[in-house]
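Peer 1: Take a look at the following structure, please.
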Amino acid sequence: LADGTMVLIEMQVLNPLDFNKRVLYNVAKAYSLQLQRGQGYSRLRPVIGLTITDFVLFPERDRFLSHYQLLDREDGLPYGDDIELVFVELPKFAKSLGDLETLTDLWTFFLQQAGDLEEIPPPLDSSPNLDHAFHIAETINLSMEEFDLLEKQAFRVEDGRNVVRRAILEGLQQGRAEALEAVQESRREIARSLLGLLPAAVIAERTGLTLAEVEALAADDAAAET
């Protein structure tokens, strides 16, 4: 995260033996392995273990979200926040689409229902990150032919990035203004190749163009087709 916190994310469909111990072990190991020999403890950053299960992990509790940290047994005073464990039990989440309130609700509903969604409904479509996640989830159900097409598009994106890198290097010799224009044109070409395959917001994120620039390219292409 931005503050240096490390988040370990695990999604589990089946409940293996000693799963609780494994979660704690992985988090503790990630915390301890941050330091090399001779380094001070001040370098240690917090570690959060986020575990999402498709089974009930804590049958004695009705809540779908559980949050653990080191606390004093008498007064609950936390022993810092360096190690935290967060569990999301999907079978316990019972909210319908109209009941979703928080960002946690939105993501939990998405994770629980993604396999049955044909399109991302409101209010999930209000989050660009959820929209991006939905389009990633869609690739899981692609046929081999569809996946091959998407992979070829990915190769074209990487080729475009190489063109950008070469343009930058050439621009060091040709002048900054020409280099910037070459970079921008390369980004536009990559964006054009992705139109119709990815949402405009995702294309903007991957190419470095603004959303308005991507939408303008889409409008130009639509005008050219008519």
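Each chain in the structure tokens gets a letter, A, B, ..., in the order shown, and its residues are numbered from 1; ligands are numbered from 1 in order too.
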Which residues are close to stretch 36-47 of chain A, i.e. within 6 Å by only C-alpha atoms, leaving aside same-chain residues fewer than 3 positions away? Reply as a list in words.

Peer 2: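 My list of contacting residues is Thr5, Met6, Val7, Asp82 and Ile83 of chain A.
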
Peer 1: Quick one: residues within 10 Å of A:Pro122, only C-alpha atoms, excluding same-chain residues fewer than 6 positions away - as an mmCIF file with all heavy atoms, in the first residue's frame?

Peer 2:
```cif
data_model
loop_
_atom_site.group_PDB
_atom_site.id
_atom_site.type_symbol
_atom_site.label_atom_id
_atom_site.label_comp_id
_atom_site.auth_asym_id
_atom_site.auth_seq_id
_atom_site.Cartn_x
_atom_site.Cartn_y
_atom_site.Cartn_z
ATOM 1 N N LEU A 97 -28.459 -7.019 -4.284
ATOM 2 C CA LEU A 97 -27.866 -5.904 -5.007
ATOM 3 C C LEU A 97 -28.354 -4.556 -4.480
ATOM 4 O O LEU A 97 -27.575 -3.602 -4.366
ATOM 5 C CB LEU A 97 -28.205 -6.032 -6.500
ATOM 6 C CG LEU A 97 -27.414 -5.163 -7.474
ATOM 7 C CD1 LEU A 97 -25.922 -5.456 -7.367
ATOM 8 C CD2 LEU A 97 -27.898 -5.396 -8.900
ATOM 9 N N GLY A 98 -29.628 -4.488 -4.109
ATOM 10 C CA GLY A 98 -30.176 -3.222 -3.633
ATOM 11 C C GLY A 98 -29.785 -2.864 -2.220
ATOM 12 O O GLY A 98 -30.041 -1.734 -1.778
ATOM 13 N N LEU A 106 -19.732 -3.937 -1.916
ATOM 14 C CA LEU A 106 -19.658 -4.025 -3.377
ATOM 15 C C LEU A 106 -18.683 -5.116 -3.811
ATOM 16 O O LEU A 106 -18.985 -5.948 -4.676
ATOM 17 C CB LEU A 106 -19.238 -2.683 -3.968
ATOM 18 C CG LEU A 106 -20.198 -1.503 -3.788
ATOM 19 C CD1 LEU A 106 -19.603 -0.231 -4.387
ATOM 20 C CD2 LEU A 106 -21.546 -1.796 -4.441
#
```

Peer 1: Fewer than 3 positions away in the same chain doesn't count, so skip those; otherwise give me all residues within 10 Å of A:Ile203, counting only C-alpha atoms, as a ChimeraX atom specification.

Peer 2: /A:187,190-195,197-200,206-211,214-215

Peer 1: Could you tell me which of A:Ala223, A:Ala137, A:Pro128, A:Pro91 comes closest to A:Ala204 if we count only C-alpha atoms?

Peer 2: A:Pro128

Peer 1: From the options A:Ala201, A:Leu70, A:Ala94, A:Leu85, which residue's atoms come nearest to A:His135, counting only C-alpha atoms?

Peer 2: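 That would be A:Ala201, the residue with the smallest distance to A:His135.
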
Peer 1: Considering only C-alpha atoms, state which residue in the set A:Glu89, A:Arg188, A:Ile120, A:Asp81 is at the smallest distance from A:Tyr31.

Peer 2: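 The closest residue to A:Tyr31 is A:Asp81.
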
Peer 1: Would you compute the distance between atom CA of A:Phe87 and atom CA of A:Leu1? Give it in Å to one decimal.

Peer 2: 18.4 Å

Peer 1: Between A:Leu50, A:Leu57, A:Leu217, A:Ala30, which residue has the minimum interatomic distance to A:Pro16, considering only C-alpha atoms?

Peer 2: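 When distances to A:Pro16 are compared using only C-alpha atoms, the smallest one comes from A:Leu57.
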
Peer 1: In Å, rounded to a single decimal, give me how far atom CA of A:Asp125 is from atom CA of A:Arg63.

Peer 2: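 These atoms are spaced 25.7 Å apart.
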
Peer 1: Can you list, as a PyMOL selection string, all residues belonging to chain A that DSSP tags as alpha helix (DSSP H)?

Peer 2: chain A and resi 19-32+103-113+128-140+144-174+176-194+200-207+211-225

Peer 1: Using only C-alpha atoms for the distances, tell me which of A:Val27, A:Leu124, A:Leu17, A:Leu90 is nearest to A:Thr108.

Peer 2: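 Among the listed residues, A:Leu90 lies closest to A:Thr108.
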
Peer 1: Taking the DSSP assignment computed from this structure's backbone, write out as number ranges by chain all residues of stretch 21-106 of chain A that belong to strand (DSSP E).

Peer 2: A: 47-53, 65-69, 83-89

Peer 1: What does the file look like for those residues with all heavy atoms, as a compact mmCIF listing (two decimals), in the first residue's frame?

Peer 2:
```
# COMPACT_ATOMS: atom_id res chain seq x y z
N VAL A 47 1.97 -5.90 8.11
CA VAL A 47 1.52 -6.92 7.17
C VAL A 47 0.07 -7.27 7.50
O VAL A 47 -0.27 -7.53 8.65
CB VAL A 47 2.39 -8.19 7.25
CG1 VAL A 47 1.84 -9.27 6.30
CG2 VAL A 47 3.84 -7.88 6.90
N ILE A 48 -0.77 -7.26 6.47
CA ILE A 48 -2.18 -7.63 6.61
C ILE A 48 -2.42 -8.89 5.78
O ILE A 48 -2.07 -8.94 4.59
CB ILE A 48 -3.12 -6.51 6.12
CG1 ILE A 48 -2.91 -5.23 6.94
CG2 ILE A 48 -4.58 -6.96 6.20
CD1 ILE A 48 -3.68 -4.03 6.41
N GLY A 49 -2.99 -9.90 6.41
CA GLY A 49 -3.39 -11.09 5.68
C GLY A 49 -4.88 -11.02 5.37
O GLY A 49 -5.71 -11.05 6.27
N LEU A 50 -5.23 -10.87 4.08
CA LEU A 50 -6.62 -10.83 3.64
C LEU A 50 -6.98 -12.18 3.04
O LEU A 50 -6.46 -12.55 1.98
CB LEU A 50 -6.83 -9.71 2.62
CG LEU A 50 -8.21 -9.66 1.93
CD1 LEU A 50 -9.33 -9.54 2.95
CD2 LEU A 50 -8.26 -8.53 0.93
N THR A 51 -7.85 -12.91 3.72
CA THR A 51 -8.21 -14.26 3.29
C THR A 51 -9.69 -14.31 2.94
O THR A 51 -10.54 -13.95 3.75
CB THR A 51 -7.91 -15.28 4.41
OG1 THR A 51 -6.52 -15.17 4.78
CG2 THR A 51 -8.21 -16.69 3.94
N ILE A 52 -9.98 -14.72 1.71
CA ILE A 52 -11.36 -14.79 1.21
C ILE A 52 -11.69 -16.26 0.99
O ILE A 52 -11.00 -16.96 0.24
CB ILE A 52 -11.50 -14.01 -0.10
CG1 ILE A 52 -11.07 -12.54 0.12
CG2 ILE A 52 -12.93 -14.07 -0.63
CD1 ILE A 52 -10.84 -11.78 -1.16
N THR A 53 -12.71 -16.76 1.68
CA THR A 53 -13.04 -18.18 1.59
C THR A 53 -14.43 -18.40 1.00
O THR A 53 -15.35 -17.61 1.22
CB THR A 53 -13.00 -18.84 2.99
OG1 THR A 53 -14.07 -18.32 3.80
CG2 THR A 53 -11.68 -18.56 3.68
N LEU A 65 -17.46 -10.80 7.82
CA LEU A 65 -16.17 -10.12 7.87
C LEU A 65 -15.61 -10.20 9.29
O LEU A 65 -16.26 -9.78 10.24
CB LEU A 65 -16.32 -8.66 7.44
CG LEU A 65 -15.06 -7.80 7.43
CD1 LEU A 65 -14.07 -8.31 6.39
CD2 LEU A 65 -15.42 -6.33 7.15
N SER A 66 -14.39 -10.73 9.42
CA SER A 66 -13.73 -10.84 10.72
C SER A 66 -12.38 -10.14 10.63
O SER A 66 -11.67 -10.26 9.62
CB SER A 66 -13.52 -12.30 11.12
OG SER A 66 -14.75 -12.99 11.15
N HIS A 67 -12.01 -9.46 11.72
CA HIS A 67 -10.78 -8.66 11.72
C HIS A 67 -10.05 -8.92 13.03
O HIS A 67 -10.56 -8.62 14.11
CB HIS A 67 -11.15 -7.18 11.59
CG HIS A 67 -9.98 -6.30 11.30
ND1 HIS A 67 -10.11 -5.04 10.79
CD2 HIS A 67 -8.65 -6.48 11.43
CE1 HIS A 67 -8.92 -4.50 10.62
NE2 HIS A 67 -8.01 -5.36 11.01
N TYR A 68 -8.83 -9.48 12.94
CA TYR A 68 -8.06 -9.83 14.12
C TYR A 68 -6.76 -9.03 14.18
O TYR A 68 -6.14 -8.75 13.15
CB TYR A 68 -7.68 -11.32 14.11
CG TYR A 68 -8.85 -12.26 14.24
CD1 TYR A 68 -9.55 -12.67 13.10
CD2 TYR A 68 -9.25 -12.74 15.48
CE1 TYR A 68 -10.62 -13.55 13.21
CE2 TYR A 68 -10.32 -13.61 15.59
CZ TYR A 68 -11.00 -14.01 14.46
OH TYR A 68 -12.06 -14.87 14.56
N GLN A 69 -6.33 -8.68 15.41
CA GLN A 69 -5.01 -8.11 15.64
C GLN A 69 -4.61 -8.44 17.08
O GLN A 69 -5.42 -8.95 17.86
CB GLN A 69 -5.00 -6.60 15.39
CG GLN A 69 -5.87 -5.79 16.31
CD GLN A 69 -5.86 -4.30 15.98
OE1 GLN A 69 -6.90 -3.71 15.80
NE2 GLN A 69 -4.68 -3.72 15.91
N ILE A 83 0.62 -6.61 12.62
CA ILE A 83 0.09 -7.84 12.05
C ILE A 83 -1.43 -7.84 12.22
O ILE A 83 -1.94 -7.70 13.33
CB ILE A 83 0.69 -9.09 12.71
CG1 ILE A 83 2.18 -9.23 12.34
CG2 ILE A 83 -0.07 -10.34 12.29
CD1 ILE A 83 2.84 -10.46 12.90
N GLU A 84 -2.13 -7.95 11.11
CA GLU A 84 -3.60 -8.02 11.14
C GLU A 84 -4.06 -9.15 10.24
O GLU A 84 -3.45 -9.44 9.19
CB GLU A 84 -4.21 -6.70 10.66
CG GLU A 84 -3.87 -5.50 11.52
CD GLU A 84 -4.54 -4.23 11.03
OE1 GLU A 84 -5.76 -4.27 10.76
OE2 GLU A 84 -3.84 -3.21 10.88
N LEU A 85 -5.13 -9.79 10.62
CA LEU A 85 -5.75 -10.86 9.84
C LEU A 85 -7.19 -10.47 9.53
O LEU A 85 -7.95 -10.18 10.45
CB LEU A 85 -5.72 -12.18 10.60
CG LEU A 85 -4.35 -12.71 11.05
CD1 LEU A 85 -4.52 -14.00 11.84
CD2 LEU A 85 -3.44 -12.94 9.86
N VAL A 86 -7.53 -10.46 8.26
CA VAL A 86 -8.89 -10.12 7.84
C VAL A 86 -9.45 -11.31 7.06
O VAL A 86 -8.79 -11.81 6.12
CB VAL A 86 -8.90 -8.85 6.96
CG1 VAL A 86 -10.34 -8.53 6.54
CG2 VAL A 86 -8.29 -7.68 7.71
N PHE A 87 -10.64 -11.76 7.43
CA PHE A 87 -11.26 -12.91 6.77
C PHE A 87 -12.62 -12.49 6.20
O PHE A 87 -13.41 -11.82 6.87
CB PHE A 87 -11.48 -14.06 7.75
CG PHE A 87 -10.20 -14.64 8.30
CD1 PHE A 87 -9.64 -14.13 9.46
CD2 PHE A 87 -9.57 -15.68 7.64
CE1 PHE A 87 -8.46 -14.66 9.96
CE2 PHE A 87 -8.39 -16.22 8.14
CZ PHE A 87 -7.83 -15.70 9.31
N VAL A 88 -12.87 -12.90 4.96
CA VAL A 88 -14.17 -12.68 4.32
C VAL A 88 -14.74 -14.05 3.97
O VAL A 88 -14.17 -14.78 3.15
CB VAL A 88 -14.03 -11.82 3.04
CG1 VAL A 88 -15.39 -11.67 2.35
CG2 VAL A 88 -13.45 -10.46 3.37
N GLU A 89 -15.86 -14.42 4.60
CA GLU A 89 -16.50 -15.71 4.35
C GLU A 89 -17.69 -15.48 3.40
O GLU A 89 -18.76 -15.02 3.81
CB GLU A 89 -16.97 -16.32 5.66
CG GLU A 89 -15.84 -16.58 6.66
CD GLU A 89 -16.35 -16.94 8.04
OE1 GLU A 89 -16.60 -18.15 8.27
OE2 GLU A 89 -16.52 -16.02 8.87
```

Peer 1: Expressed in Å to a single decimal, how great is the separation between atom CA of A:Glu119 and atom CA of A:Asp105?

Peer 2: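 Distance between the two atoms: 17.9 Å.
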